[in-house]
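As structure tokens, the structure follows; a few thoughts come after it.
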Amino acid sequence: MKKIFMAALCSLVLTFSAACGASSSSQAQTDTNGMQIPDPFTEYASLEDAQRDAGFDITLPETVAGSDSCVYRVLQDEENGSMLEVIYQSSGQETGRIRKAEGSGDISGDYNEYDEVKQENEGGMDVTLSGGSDGYVLAVWENDDCTYAISLREGVTQEEMNALIGQVR
């Protein structure tokens, strides 16, 4: 049930994000009927603040795909816990996204069909890599009772994705 709820919630968030464009998470979005849709994420000034409110820590790479800044966000759900999300940006444009939540299941929010999807064992963890001819853009795995996802704007080699996975805990 938790997996289905988190998948549905992530899908809803991505749908609203795509429909409304980029904006501050502290502002409400307006749908096509003029209704205000509150952003379910809370944005934080620092990783430490986001970790405190999420209730768990995350270890991250300093940079992802040439990023020069990060946005730290938490999605709170009383029933299923919280999800911490770090959005990496370069000159204000997203280059990648890393998510962590307690539990299991795919929290990537990415429901695209990919030409290549493969299962591999990286560092003792079963990882699903997805991408195409331009490289891998998505990695999903579970470790120590938590689930993780890395999504990238541009594809990378398997070795580059594995290096990122190895830096996230």
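By convention in this document, the chains of the structure tokens carry letters A, B, ... by their order, each chain's residues are numbered from 1, and ligands are numbered from 1 in the order they are shown.
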Exercise: Glu116 in chain A partners within 6 Å, only C-alpha atoms, chain neighbours under 4 positions left out, as a ChimeraX atom specification: /A:130-132
Only N, CA and C atoms, please: the residues just picked out, written as a short mmCIF file (atom, residue, chain, number, x, y, z; two decimals), in the first residue's frame.
```cif
data_model
loop_
_atom_site.label_atom_id
_atom_site.label_comp_id
_atom_site.auth_asym_id
_atom_site.auth_seq_id
_atom_site.Cartn_x
_atom_site.Cartn_y
_atom_site.Cartn_z
N SER A 130 18.09 2.75 -16.00
CA SER A 130 17.25 2.99 -17.16
C SER A 130 17.83 4.10 -18.01
N GLY A 131 17.72 3.93 -19.33
CA GLY A 131 18.21 4.95 -20.24
C GLY A 131 18.06 4.51 -21.67
N GLY A 132 18.93 5.05 -22.51
CA GLY A 132 18.87 4.75 -23.93
C GLY A 132 20.23 4.89 -24.57
#
```
Please provide as a PDB file with N, CA, C and O atoms, in the first residue's frame all residues within 12 Å of Asp53 in chain A, with the sequence filter that same-chain residues fewer than 6 positions apart are discarded (counting only C-alpha atoms).
```
ATOM      1  N   PHE A  41       5.714  19.824  -1.420  1.00  0.00           N
ATOM      2  CA  PHE A  41       7.088  19.869  -0.928  1.00  0.00           C
ATOM      3  C   PHE A  41       7.323  21.140  -0.121  1.00  0.00           C
ATOM      4  O   PHE A  41       6.767  22.184  -0.428  1.00  0.00           O
ATOM      5  N   THR A  42       8.189  21.023   0.876  1.00  0.00           N
ATOM      6  CA  THR A  42       8.673  22.183   1.617  1.00  0.00           C
ATOM      7  C   THR A  42      10.131  22.354   1.259  1.00  0.00           C
ATOM      8  O   THR A  42      10.908  21.395   1.307  1.00  0.00           O
ATOM      9  N   GLU A  43      10.513  23.558   0.887  1.00  0.00           N
ATOM     10  CA  GLU A  43      11.891  23.853   0.497  1.00  0.00           C
ATOM     11  C   GLU A  43      12.658  24.367   1.714  1.00  0.00           C
ATOM     12  O   GLU A  43      12.118  25.100   2.537  1.00  0.00           O
ATOM     13  N   TYR A  44      13.938  23.997   1.784  1.00  0.00           N
ATOM     14  CA  TYR A  44      14.781  24.356   2.915  1.00  0.00           C
ATOM     15  C   TYR A  44      16.033  25.087   2.440  1.00  0.00           C
ATOM     16  O   TYR A  44      16.523  24.826   1.347  1.00  0.00           O
ATOM     17  N   SER A  46      18.963  24.789   3.810  1.00  0.00           N
ATOM     18  CA  SER A  46      20.160  23.959   3.950  1.00  0.00           C
ATOM     19  C   SER A  46      19.790  22.484   3.989  1.00  0.00           C
ATOM     20  O   SER A  46      18.661  22.114   4.330  1.00  0.00           O
ATOM     21  N   LEU A  47      20.770  21.665   3.672  1.00  0.00           N
ATOM     22  CA  LEU A  47      20.587  20.216   3.747  1.00  0.00           C
ATOM     23  C   LEU A  47      20.319  19.807   5.191  1.00  0.00           C
ATOM     24  O   LEU A  47      19.481  18.939   5.443  1.00  0.00           O
ATOM     25  N   TYR A  72      16.956  21.955  -1.655  1.00  0.00           N
ATOM     26  CA  TYR A  72      16.658  20.880  -0.716  1.00  0.00           C
ATOM     27  C   TYR A  72      15.169  20.922  -0.397  1.00  0.00           C
ATOM     28  O   TYR A  72      14.642  21.966   0.010  1.00  0.00           O
ATOM     29  N   ARG A  73      14.498  19.774  -0.581  1.00  0.00           N
ATOM     30  CA  ARG A  73      13.052  19.720  -0.374  1.00  0.00           C
ATOM     31  C   ARG A  73      12.667  18.443   0.365  1.00  0.00           C
ATOM     32  O   ARG A  73      13.327  17.423   0.228  1.00  0.00           O
ATOM     33  N   VAL A  74      11.570  18.532   1.109  1.00  0.00           N
ATOM     34  CA  VAL A  74      11.035  17.373   1.819  1.00  0.00           C
ATOM     35  C   VAL A  74       9.539  17.289   1.550  1.00  0.00           C
ATOM     36  O   VAL A  74       8.831  18.295   1.595  1.00  0.00           O
ATOM     37  N   LEU A  75       9.097  16.088   1.259  1.00  0.00           N
ATOM     38  CA  LEU A  75       7.681  15.777   1.113  1.00  0.00           C
ATOM     39  C   LEU A  75       7.272  15.015   2.364  1.00  0.00           C
ATOM     40  O   LEU A  75       7.787  13.926   2.624  1.00  0.00           O
ATOM     41  N   GLN A  76       6.394  15.603   3.168  1.00  0.00           N
ATOM     42  CA  GLN A  76       5.929  14.966   4.400  1.00  0.00           C
ATOM     43  C   GLN A  76       4.625  14.235   4.134  1.00  0.00           C
ATOM     44  O   GLN A  76       3.739  14.771   3.467  1.00  0.00           O
ATOM     45  N   ASP A  77       4.521  13.037   4.683  1.00  0.00           N
ATOM     46  CA  ASP A  77       3.295  12.265   4.588  1.00  0.00           C
ATOM     47  C   ASP A  77       3.109  11.566   5.932  1.00  0.00           C
ATOM     48  O   ASP A  77       3.912  10.696   6.290  1.00  0.00           O
ATOM     49  N   GLY A  81       5.489   8.498   6.015  1.00  0.00           N
ATOM     50  CA  GLY A  81       6.789   9.075   6.300  1.00  0.00           C
ATOM     51  C   GLY A  81       7.131  10.190   5.338  1.00  0.00           C
ATOM     52  O   GLY A  81       6.263  10.775   4.706  1.00  0.00           O
ATOM     53  N   SER A  82       8.406  10.478   5.213  1.00  0.00           N
ATOM     54  CA  SER A  82       8.826  11.600   4.388  1.00  0.00           C
ATOM     55  C   SER A  82       9.823  11.165   3.327  1.00  0.00           C
ATOM     56  O   SER A  82      10.425  10.105   3.409  1.00  0.00           O
ATOM     57  N   MET A  83       9.954  12.022   2.328  1.00  0.00           N
ATOM     58  CA  MET A  83      10.925  11.810   1.259  1.00  0.00           C
ATOM     59  C   MET A  83      11.774  13.068   1.157  1.00  0.00           C
ATOM     60  O   MET A  83      11.245  14.176   1.086  1.00  0.00           O
ATOM     61  N   LEU A  84      13.081  12.902   1.159  1.00  0.00           N
ATOM     62  CA  LEU A  84      14.006  14.013   0.995  1.00  0.00           C
ATOM     63  C   LEU A  84      14.459  14.042  -0.455  1.00  0.00           C
ATOM     64  O   LEU A  84      14.799  13.003  -1.018  1.00  0.00           O
TER      65      LEU A  84
END
```
Test item, strand (DSSP E) assignment across range 59-136 of chain A, answer as a PyMOL selection string: chain A and resi 69-77+81-90+93-102+116-122+125-132+135-136
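CA of Gly166 in chain A is positioned 7.5 Å from CA of Gly123 in chain A.
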Those in chain A with alpha helix (DSSP H) from DSSP, as a ChimeraX atom specification: /A:2-20,47-54,158-167
